[in-house]
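Student: My questions all concern the structure below.
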Amino acid sequence: MADCWNTDTGEAVYRSRDVVKNLTIKVRIERVTSTGALSLHLQQQVLSQPDGGAIELETLSSQGQTAGDVEEELVVGWQEKLFSQYEMELFQNEAACQTPLDRQYHAEVEALNRGKGRRNHRIFTYTDHDRYTNCLPFHQLHTTELLTTTKSSPTFLAERMASVRHRRQDRRTTDCSIPKSKIVNWEPTEEFVKSSHVVNSTMQTMHIMGDLSPPGRLGQKENECLLVTIKTDGSGTVIVKPDFNQGKEPYRIVTEGEKREVWRLTLENVSTTMKPEEKEREHNMYKDLYVRHKEYLNSLVGQDFEMPPAGILRYVMNGEIVSAKGFEYDNLYIHFFMELPNNWSSLPFQPHSGVTQTCRTKTVGKENVAFFSFPFTFEAFYMCEKESEESIPQWPVLYFKVLSLDSWQRYRTEGYGYLLFPAVPGKHTVTCHTWRPLQTGTLSALRRFFIGGSPELEDHSYVRIPGTFKGERLSRFGFCTESTGSVTFNLHCVQQARAFVDATMLKKRRQKVFDQLGGFSQQGAVCTILEAFQRARRKMQEARESLPREIINATSQIESSA
């Protein structure tokens with residue numbers, strides 16, 4: 001008489017575009033007794049034999065027990081409140097009702113008592129508004145007390161998540177002010193990590209419970225058992241634990257106490273399915289909604305592509321300071337700024353400088369690498385002073401300085417470097433090497449180690465060619481430096497100008513003319529022949545100039561007679 005049980009009590013996640021209020025679940029619980037198990041076993045044998053003692057099985061039915069004591073089947077809707085026997089007795093007393101929700105339940109209980117009474121017997125619910133939802137014991141919130149093949153213990157995060165309030169009005173008031181100091185805890189303790197490692201997500205919760213008390217003793221809190229937990233968020237996600245049986249064996253529930261009773265639990269999704277015409281109507285509604293939303297987005301963007309004025313080059317760079325490695329000290333940060341050459345301009349509200357966060361280094365191979373992943377955006381415009389000017393433009397430069405900061409608030413300059421903006425659009429990964437000024441002598445090294453500080457450049461553009469330099473030769477003779485580490489950048493460059501469009505149109509017109517003349521191959525062959533003929537003619541002229549005058553006169557006479 002071995003029974004088969006469903007031991008897969010994990011949660012199931014469903015996605016639905018329908019509103020969650022249309023969800024209905026059929027819950028069935030049935031007590032498993034020795035008499036019932038024997039009756040079920042004999043009934044299965046009798047069904048296999050024609051007309052064989054089916055009447056005698058009625059004597060094995062439970063005597064003196066109602067149907068609600070042995071089994072119960074109930075259809076429950078989303079956030080439908082079903083009172084337990086304990087709640088019926090509690091909310092009958094108006095003096096025990098303190099909150100508006102308690103007074104509302106008191107009115108509903110009084111209406112049930114005046115009417116036909118409650119339609120449920122053992123199955124009841126805790127909705128998202130009930131204070132019992134977040135006061136349930138941990139084993140009821142995250143386990144269903146169903147017998148499984150393996151016994152798993154909850155993690156620390158799961159235990160902490162059990163105490164998280166899911167309703168905004170029920171949460172405890174917290175101080176939302178930003179602390180003025182110690183935003184980042186550099187040395188977190190184990191207790192700090194445990195207290196901070198909690199995810200507080202807003203979800204609506206509903207619990208379907210069962211009062212598994214012995215017959216005639218309903219209403220005891222210690223005999224309440226969690227049957228089903230249903231959670232949902234605003235994005236259409238529905239989490240059910242345990243999952244619907246869907247033709248599988250029922251779940252097994254074992255009560256606690258001296259008399260351990262076994263119950264069967266069966267779950268079924270009985271939500272009303274949509275009719276074909278309703279599905280078609282909903283599909284058309286969503287399709288129309290998406291079309292309207294697309295038209296709205298198009299109206300915001302517009303149909304005309306934004307173009308800079310004629311004669312102006314627009315340069316947009318989305319960059320990222322990826323990492324820095326090879327420096328002497330830890331806790332690095334980078335200070336950078338942009339320098340615009342002549343004929344370049346930028347938007348008035350755009351910043352030209354920035355500072356990254358302080359980053360600890362991580363050992364990667366043989367190098368100590370600090371990963372910043374610091375993004376920055378820069379937009380500039382280039383305009384020629386004269387339309388006939390064909391000189392190559394000078395590109396903007398990004399100057400940067402790498403510094404370190406230790407626990408004693410001692411600053412040290414680790415290196416200087418610069419990055420020339422790429423002249424070719426696209427993605428570029430550039431690694432810039434750095435150096436720092438060096439003072440010879442032991443005193444300078446001791447000062448840098450003990451009290452921090454180091455020689456600094458008064459003009460950061462001295463890393464490359466200073467903007468104030470007007471001479472022909474820049475001499476750095478006698479200037480002592482030391483090579484330090486390197487900084488890696490990821491750059492995404494975009495260039496836009498009307499000249500690019502005009503050049504494309506001109507290229508297309510030239511291509512049409514070349515096609516009429518026979519294509520690019522014939523054009524290239526003609527040009528090659530003309531260039532070879534010109535080179536031969538120049539060599540003949542040079543050879544004639546090197547010959548004596550008498551030979552040149554004789555050659556000219558021969559050519560004239562010919």
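Lettering and numbering for the structure tokens are positional, with chains as A, B, ... in the shown order, residues counted from 1 in each chain, and ligands counted from 1 in the shown order.
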Could you pull out the strand (DSSP E) residues of stretch 227-364 of chain A from DSSP and send them as a ChimeraX atom specification?

Tutor: /A:227-232,237-241,251-254,262-269,312-325,332-339,344-346,353-355,362-364

Student: Env of stretch 434-444 of chain A: 6 Å cut, atoms = only C-alpha atoms, seq-sep filter 5 positions within chain, self excluded. Answer as a ChimeraX atom specification.

Tutor: /A:415-417,455,480-486

Student: Next, the residues of the selection above should be written as a compact mmCIF listing (two decimals), in the first residue's frame with N, CA and C atoms.

Tutor:
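For reference, out.txt as written:
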# COMPACT_ATOMS: atom_id res chain seq x y z
N GLY A 415 52.13 59.84 -11.82
CA GLY A 415 52.54 59.95 -13.22
C GLY A 415 51.69 60.94 -13.99
N TYR A 416 52.29 61.47 -15.07
CA TYR A 416 51.61 62.38 -16.01
C TYR A 416 51.55 61.70 -17.38
N GLY A 417 50.51 62.02 -18.13
CA GLY A 417 50.39 61.49 -19.48
C GLY A 417 49.40 62.31 -20.28
N PRO A 455 57.42 66.28 -6.56
CA PRO A 455 57.46 67.40 -7.52
C PRO A 455 56.30 67.30 -8.51
N CYS A 480 64.93 65.84 -15.04
CA CYS A 480 64.98 64.44 -14.62
C CYS A 480 63.56 63.89 -14.45
N THR A 481 63.29 62.75 -15.06
CA THR A 481 61.99 62.09 -14.96
C THR A 481 62.18 60.61 -14.69
N GLU A 482 61.08 59.97 -14.33
CA GLU A 482 61.08 58.54 -14.08
C GLU A 482 59.84 57.93 -14.72
N SER A 483 60.02 56.89 -15.49
CA SER A 483 58.88 56.20 -16.10
C SER A 483 58.11 55.43 -15.02
N THR A 484 56.79 55.52 -15.06
CA THR A 484 55.95 54.85 -14.05
C THR A 484 55.06 53.81 -14.72
N GLY A 485 53.77 53.98 -14.65
CA GLY A 485 52.86 52.96 -15.19
C GLY A 485 52.20 53.39 -16.48
N SER A 486 51.02 52.82 -16.73
CA SER A 486 50.28 53.11 -17.95
C SER A 486 48.80 53.12 -17.63

Student: Which residue gives the smallest distance to A:Arg15 among A:Leu90, A:Asn318, A:Met274, A:Thr232, with only C-alpha atoms counted?

Tutor: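 For A:Arg15, the nearest of the candidates is A:Thr232.
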
Student: Taking only C-alpha atoms into account, name the residue in A:Gly236, A:Tyr399, A:Glu268, A:Ile123 that is nearest to A:Lys248.

Tutor: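 Distance minimum relative to A:Lys248 lands on A:Glu268.
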
Student: Quote the spacing between atom CA of A:Asn185 and atom CA of A:Phe374 in Å to one decimal place.

Tutor: 20.1 Å

Student: Of the residues A:Ala107, A:Met540, A:Ala445, A:Ala497, which is the one nearest to A:Gln92, using only C-alpha atoms?

Tutor: A:Ala107

Student: Mind pulling up the distance from atom CA of A:Thr127 to atom CA of A:Ile239?

Tutor: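 It comes out at 15.1 Å.
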
Student: What's the separation between atom CA of A:Arg217 and atom CA of A:Tyr86, in Å to one decimal place?

Tutor: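 Taking atom CA of A:Arg217 and atom CA of A:Tyr86, their separation equals 10.6 Å.
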
Student: Of the residues A:Ala380, A:Thr9, A:Phe449, A:Thr229, which is the one nearest to A:Arg314, using only C-alpha atoms?

Tutor: A:Ala380

Student: Can you list, as a count of residues only, every protein, DNA or RNA residue that comes within 10 Å of A:Asp130 when you count only C-alpha atoms, leaving out same-chain residues fewer than 6 positions away?

Tutor: 5

Student: So, with only C-alpha atoms as the atoms that count, which of A:Gln85, A:Asn368, A:Gln104, A:Gln79 lies closest to A:Arg119?

Tutor: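 Smallest separation from A:Arg119 among the options: A:Gln85.
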
Student: Give me the residues near stretch 257-267 of chain A as a list in words, where near means some atom within 7 Å (using only C-alpha atoms) and where sequence neighbours in that chain fewer than 5 positions away do not count.

Tutor: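 After dropping sequence-adjacent residues, the list is Ile25, Lys26, Val27, Arg28, Ile29, Glu30, Arg31, Val32, Phe244, Asn245, Pro250, Tyr251 and Arg252 of chain A.
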
Student: Check the smallest atom-to-atom distance from each of A:Tyr462, A:Tyr411, A:Phe421, A:Tyr286 to A:Leu340 using only C-alpha atoms, then report the winner.

Tutor: A:Phe421
